[in-house]
Amino acid sequence: MATEIKTIGVLTSGGDAPGMNAAIRAVVREAIVKGKKVKGIKRGYAGLLQEEIIDMEAKDVSDIIQRGGTILQTARCEEFLTPEGQERGARVCKEHEIDGIIVIGGDGSFRGAQKLAALGVNTIGIPGTIDLDIACTEYTIGFDTAVNTAMEAIDKVRDTSTSHERCSIIEVMGRGAGYLALWCGIANGAEDTLLPEKYDYDEQKLVNHIIENRKRGKQHHIIVNAEGIGHSASMAKRIEAATGVETRATILGHMQRGGSPTCKDRVYASTMGAMAVDLLCKGKSNRVVGYRHGGFVDFDIDEALSMEKTISPYQFEISKSLAI
Ligand code: ADP
Ligand code: F6P
């Protein structure tokens with residue numbers, strides 16, 4: 001029979017994402033409403049190994065739903081990649097009487113949760129990353145805020161690009177995935193959108209496209225480039241030399257990870273946080289929460305981690321056809 005859950009731990013791991021605080025708040029308050037104790041683990045798995053563990057009450061999560069970042073802080077932890085680190089993590093949970101742990105993070109963090117579950121700690125994962133690169137879910141905490149932040153920044157670059165009749169290459173985050181770039185490409189009406197999943201490294205095509213657009217009277221040429229391709233500054237130099245069109249590169253960087261979460265990120269993160277607690281209370285473990293086909297769902301972590309996700313070929317096609 002599954003152990004009765006009396007105390008729930010919560011941590012954030014990997015890159016921070018706007019909306020993580022809304023998820024933490026929901027975990028703490030849903031757990032308290034269900035009569036459970038909550039322990040916050042600081043700095044992800046690193047804090048678990050260092051026993052940076054605090055008791056959390058409802059008031060500890062007051063005034064955070066609107067704040068970006070994560071009040072629990074986050075980290076990447078090499079030691080947790082080792083079996084010894086994972087065993088120590090499971091031992092720390094037992095010593096602190098944590099019966100179930102909720103891990104808010106990306107795929108890597110879920111792998112850590114999977115290891116803890118195998119060592120007898122009940123775990124539930126919540127997808128938190130601005131990259132949207134988790135296969136089992138169409139939504140990840142932070143993507144909506146980050147993509148809106150990037151879109152607004154690109155609008156601003158476009159104003160100055162048009163005034164100076166320049167080509168602008170704007171690099172957005174996403175690690176190896178092109179979701180942020182694709183959404184910005186469509187939302188900003190970029191002339192070219194370069195995605196790691198699709199790019200053929202044929203720069204001559206870009207050059208020809210810029211020259212054709214100039215002939216047709218376009219006053220700017222916006223290229224949204226994904227971090228997974230990178231090299232925006234050197235690309236800008238080569239493009240300027242080949243086209244004669246003044247070209248600038250802007251790397252948006254970490255500003256995309258900050259800021260107050262959008263309504264969607266607050267509501268979805270709150271729902272997922274509460275759902276994670278409910279799953280633990282029902283005796284579930286080794287599961288991740290997701291959003292699919294219009295509803296909140298949960299999957300076995302092993303199954304979730306074996307799924308693959310691809311860029312929508314149709315959306316990639318329209319990112320090009322709508323930019324004529
Ligand atoms: P994300 O969760 O955003 O994908 P990372 O891949 O950096 O970010 O993973 C965050 C942390 O999760 C790592 O620093 C490590 O502590 C833990 N982790 C990642 N992969 C594994 C793994 N295979 N086994 C155990 N822990 C892992
Ligand atoms: O995973 C989120 C993310 O912002 C990626 O888009 C980016 O590649 C990475 O984290 C940057 O990590 P760091 O903050 O360690 O530089």
# chains A, B, ... in the order shown; residues from 1 in each chain; ligands from 1

call {"tool": "select_by_dssp", "arguments": {"residues": "segment 175-324 of chain A", "states": "strand (DSSP E)", "output": "list in words"}}
result
Asp192, Thr193, Leu194, His221, Ile222, Ile223, Val224, Asn225, Ala226, Thr247, Arg248, Ala249, Thr250, Ile251, Arg287, Val288, Val289, Gly290, Tyr291, Arg292, Gly295, Phe296, Val297, Asp298, Phe299 and Asp300 of chain A

call {"tool": "write_last_selection", "arguments": {"atoms": "C-alpha atoms", "output": "short mmCIF file (atom, residue, chain, number, x, y, z; two decimals), in the first residue's frame"}}
result
data_model
loop_
_atom_site.label_atom_id
_atom_site.label_comp_id
_atom_site.auth_asym_id
_atom_site.auth_seq_id
_atom_site.Cartn_x
_atom_site.Cartn_y
_atom_site.Cartn_z
CA ASP A 192 13.25 34.89 -42.08
CA THR A 193 13.00 32.55 -39.10
CA LEU A 194 15.95 30.28 -38.41
CA HIS A 221 14.50 42.69 -43.02
CA ILE A 222 13.95 40.97 -39.69
CA ILE A 223 15.69 37.65 -39.15
CA VAL A 224 14.72 35.80 -35.96
CA ASN A 225 17.59 33.46 -35.16
CA ALA A 226 17.41 30.71 -32.54
CA THR A 247 23.01 44.67 -40.72
CA ARG A 248 22.94 44.56 -36.91
CA ALA A 249 22.68 41.66 -34.49
CA THR A 250 20.80 41.80 -31.18
CA ILE A 251 20.99 38.95 -28.69
CA ARG A 287 4.34 11.18 -12.73
CA VAL A 288 4.55 14.52 -14.53
CA VAL A 289 1.77 16.98 -15.06
CA GLY A 290 1.14 18.24 -18.59
CA TYR A 291 -1.33 20.10 -20.79
CA ARG A 292 -2.60 18.36 -23.91
CA GLY A 295 -6.85 19.72 -20.74
CA PHE A 296 -4.50 19.12 -17.83
CA VAL A 297 -3.22 15.54 -17.73
CA ASP A 298 -0.50 13.45 -16.10
CA PHE A 299 1.93 10.89 -17.45
CA ASP A 300 4.34 8.34 -16.10
#

call {"tool": "closest_atom_pairs", "arguments": {"of": "chain A", "to": "ligand 1", "cutoff": "9 Å", "atoms": "only C-alpha atoms and all ligand atoms", "output": "JSON lines"}}
result
{"residue": "A:Thr12", "atom": "CA", "partner": "ligand 1", "partner_atom_place_in_ligand_line": "2 (O)", "distance": 8.7}
{"residue": "A:Ser13", "atom": "CA", "partner": "ligand 1", "partner_atom_place_in_ligand_line": "10 (C)", "distance": 5.3}
{"residue": "A:Gly14", "atom": "CA", "partner": "ligand 1", "partner_atom_place_in_ligand_line": "8 (O)", "distance": 3.6}
{"residue": "A:Gly15", "atom": "CA", "partner": "ligand 1", "partner_atom_place_in_ligand_line": "3 (O)", "distance": 5.1}
{"residue": "A:Asp16", "atom": "CA", "partner": "ligand 1", "partner_atom_place_in_ligand_line": "3 (O)", "distance": 7.9}
{"residue": "A:Gly44", "atom": "CA", "partner": "ligand 1", "partner_atom_place_in_ligand_line": "16 (O)", "distance": 7.4}
{"residue": "A:Tyr45", "atom": "CA", "partner": "ligand 1", "partner_atom_place_in_ligand_line": "16 (O)", "distance": 5.5}
{"residue": "A:Ala46", "atom": "CA", "partner": "ligand 1", "partner_atom_place_in_ligand_line": "16 (O)", "distance": 6.9}
{"residue": "A:Thr74", "atom": "CA", "partner": "ligand 1", "partner_atom_place_in_ligand_line": "10 (C)", "distance": 8.9}
{"residue": "A:Ala75", "atom": "CA", "partner": "ligand 1", "partner_atom_place_in_ligand_line": "14 (O)", "distance": 6.5}
{"residue": "A:Arg76", "atom": "CA", "partner": "ligand 1", "partner_atom_place_in_ligand_line": "14 (O)", "distance": 3.1}
{"residue": "A:Cys77", "atom": "CA", "partner": "ligand 1", "partner_atom_place_in_ligand_line": "16 (O)", "distance": 3.7}
{"residue": "A:Glu78", "atom": "CA", "partner": "ligand 1", "partner_atom_place_in_ligand_line": "16 (O)", "distance": 5.4}
{"residue": "A:Glu79", "atom": "CA", "partner": "ligand 1", "partner_atom_place_in_ligand_line": "16 (O)", "distance": 6.8}
{"residue": "A:Phe80", "atom": "CA", "partner": "ligand 1", "partner_atom_place_in_ligand_line": "16 (O)", "distance": 4.7}
{"residue": "A:Leu81", "atom": "CA", "partner": "ligand 1", "partner_atom_place_in_ligand_line": "25 (C)", "distance": 4.3}
{"residue": "A:Thr82", "atom": "CA", "partner": "ligand 1", "partner_atom_place_in_ligand_line": "25 (C)", "distance": 7.0}
{"residue": "A:Pro83", "atom": "CA", "partner": "ligand 1", "partner_atom_place_in_ligand_line": "25 (C)", "distance": 8.2}
{"residue": "A:Gly85", "atom": "CA", "partner": "ligand 1", "partner_atom_place_in_ligand_line": "25 (C)", "distance": 8.6}
{"residue": "A:Gln86", "atom": "CA", "partner": "ligand 1", "partner_atom_place_in_ligand_line": "25 (C)", "distance": 7.0}
{"residue": "A:Ile104", "atom": "CA", "partner": "ligand 1", "partner_atom_place_in_ligand_line": "2 (O)", "distance": 8.0}
{"residue": "A:Gly105", "atom": "CA", "partner": "ligand 1", "partner_atom_place_in_ligand_line": "2 (O)", "distance": 4.5}
{"residue": "A:Gly106", "atom": "CA", "partner": "ligand 1", "partner_atom_place_in_ligand_line": "2 (O)", "distance": 3.3}
{"residue": "A:Asp107", "atom": "CA", "partner": "ligand 1", "partner_atom_place_in_ligand_line": "4 (O)", "distance": 4.2}
{"residue": "A:Gly108", "atom": "CA", "partner": "ligand 1", "partner_atom_place_in_ligand_line": "19 (C)", "distance": 3.5}
{"residue": "A:Ser109", "atom": "CA", "partner": "ligand 1", "partner_atom_place_in_ligand_line": "12 (O)", "distance": 3.6}
{"residue": "A:Phe110", "atom": "CA", "partner": "ligand 1", "partner_atom_place_in_ligand_line": "2 (O)", "distance": 6.5}
{"residue": "A:Arg111", "atom": "CA", "partner": "ligand 1", "partner_atom_place_in_ligand_line": "22 (C)", "distance": 4.6}
{"residue": "A:Gly112", "atom": "CA", "partner": "ligand 1", "partner_atom_place_in_ligand_line": "26 (N)", "distance": 3.4}
{"residue": "A:Ala113", "atom": "CA", "partner": "ligand 1", "partner_atom_place_in_ligand_line": "26 (N)", "distance": 7.2}
{"residue": "A:Gln114", "atom": "CA", "partner": "ligand 1", "partner_atom_place_in_ligand_line": "25 (C)", "distance": 7.7}
{"residue": "A:Lys115", "atom": "CA", "partner": "ligand 1", "partner_atom_place_in_ligand_line": "25 (C)", "distance": 6.2}
{"residue": "A:Leu116", "atom": "CA", "partner": "ligand 1", "partner_atom_place_in_ligand_line": "25 (C)", "distance": 8.4}
{"residue": "A:Pro127", "atom": "CA", "partner": "ligand 1", "partner_atom_place_in_ligand_line": "2 (O)", "distance": 8.5}
{"residue": "A:Gly128", "atom": "CA", "partner": "ligand 1", "partner_atom_place_in_ligand_line": "3 (O)", "distance": 7.3}
{"residue": "A:Thr129", "atom": "CA", "partner": "ligand 1", "partner_atom_place_in_ligand_line": "3 (O)", "distance": 6.0}
{"residue": "A:Ile130", "atom": "CA", "partner": "ligand 1", "partner_atom_place_in_ligand_line": "3 (O)", "distance": 8.9}
{"residue": "A:Asp131", "atom": "CA", "partner": "ligand 1", "partner_atom_place_in_ligand_line": "3 (O)", "distance": 8.6}
{"residue": "A:Asp133", "atom": "CA", "partner": "ligand 1", "partner_atom_place_in_ligand_line": "4 (O)", "distance": 8.8}
{"residue": "A:Ile134", "atom": "CA", "partner": "ligand 1", "partner_atom_place_in_ligand_line": "4 (O)", "distance": 8.7}

call {"tool": "residues_around", "arguments": {"residues": "Glu30 of chain A", "least_positions_apart": "3", "cutoff": "10 Å", "atoms": "only C-alpha atoms", "output": "MDAnalysis selection string"}}
result
chainID A and resid 24:27 33:36 38 58 270 273:278

call {"tool": "atom_distance", "arguments": {"atom1": "atom CA of Arg238 of chain A", "atom2": "atom CA of His209 of chain A"}}
result
14.4 Å

call {"tool": "closest_residue", "arguments": {"among": "A:Leu206, A:Val28, A:Glu246, A:Arg257", "to": "Lys59 of chain A", "atoms": "only C-alpha atoms"}}
result
A:Val28

call {"tool": "atom_distance", "arguments": {"atom1": "atom CA of Lys198 of chain A", "atom2": "atom CA of Ser232 of chain A"}}
result
16.6 Å

call {"tool": "residues_around", "arguments": {"residues": "Val245 of chain A", "least_positions_apart": "5", "cutoff": "8 Å", "atoms": "only C-alpha atoms", "output": "ChimeraX atom specification"}}
result
/A:166-167,239-240

call {"tool": "closest_residue", "arguments": {"among": "A:Lys218, A:Arg88, A:Lys42, A:Arg67", "to": "His164 of chain A", "atoms": "only C-alpha atoms"}}
result
A:Lys218

call {"tool": "closest_residue", "arguments": {"among": "A:Gly176, A:Ala304, A:Ile71, A:Ile169", "to": "Asn286 of chain A", "atoms": "only C-alpha atoms"}}
result
A:Ala304
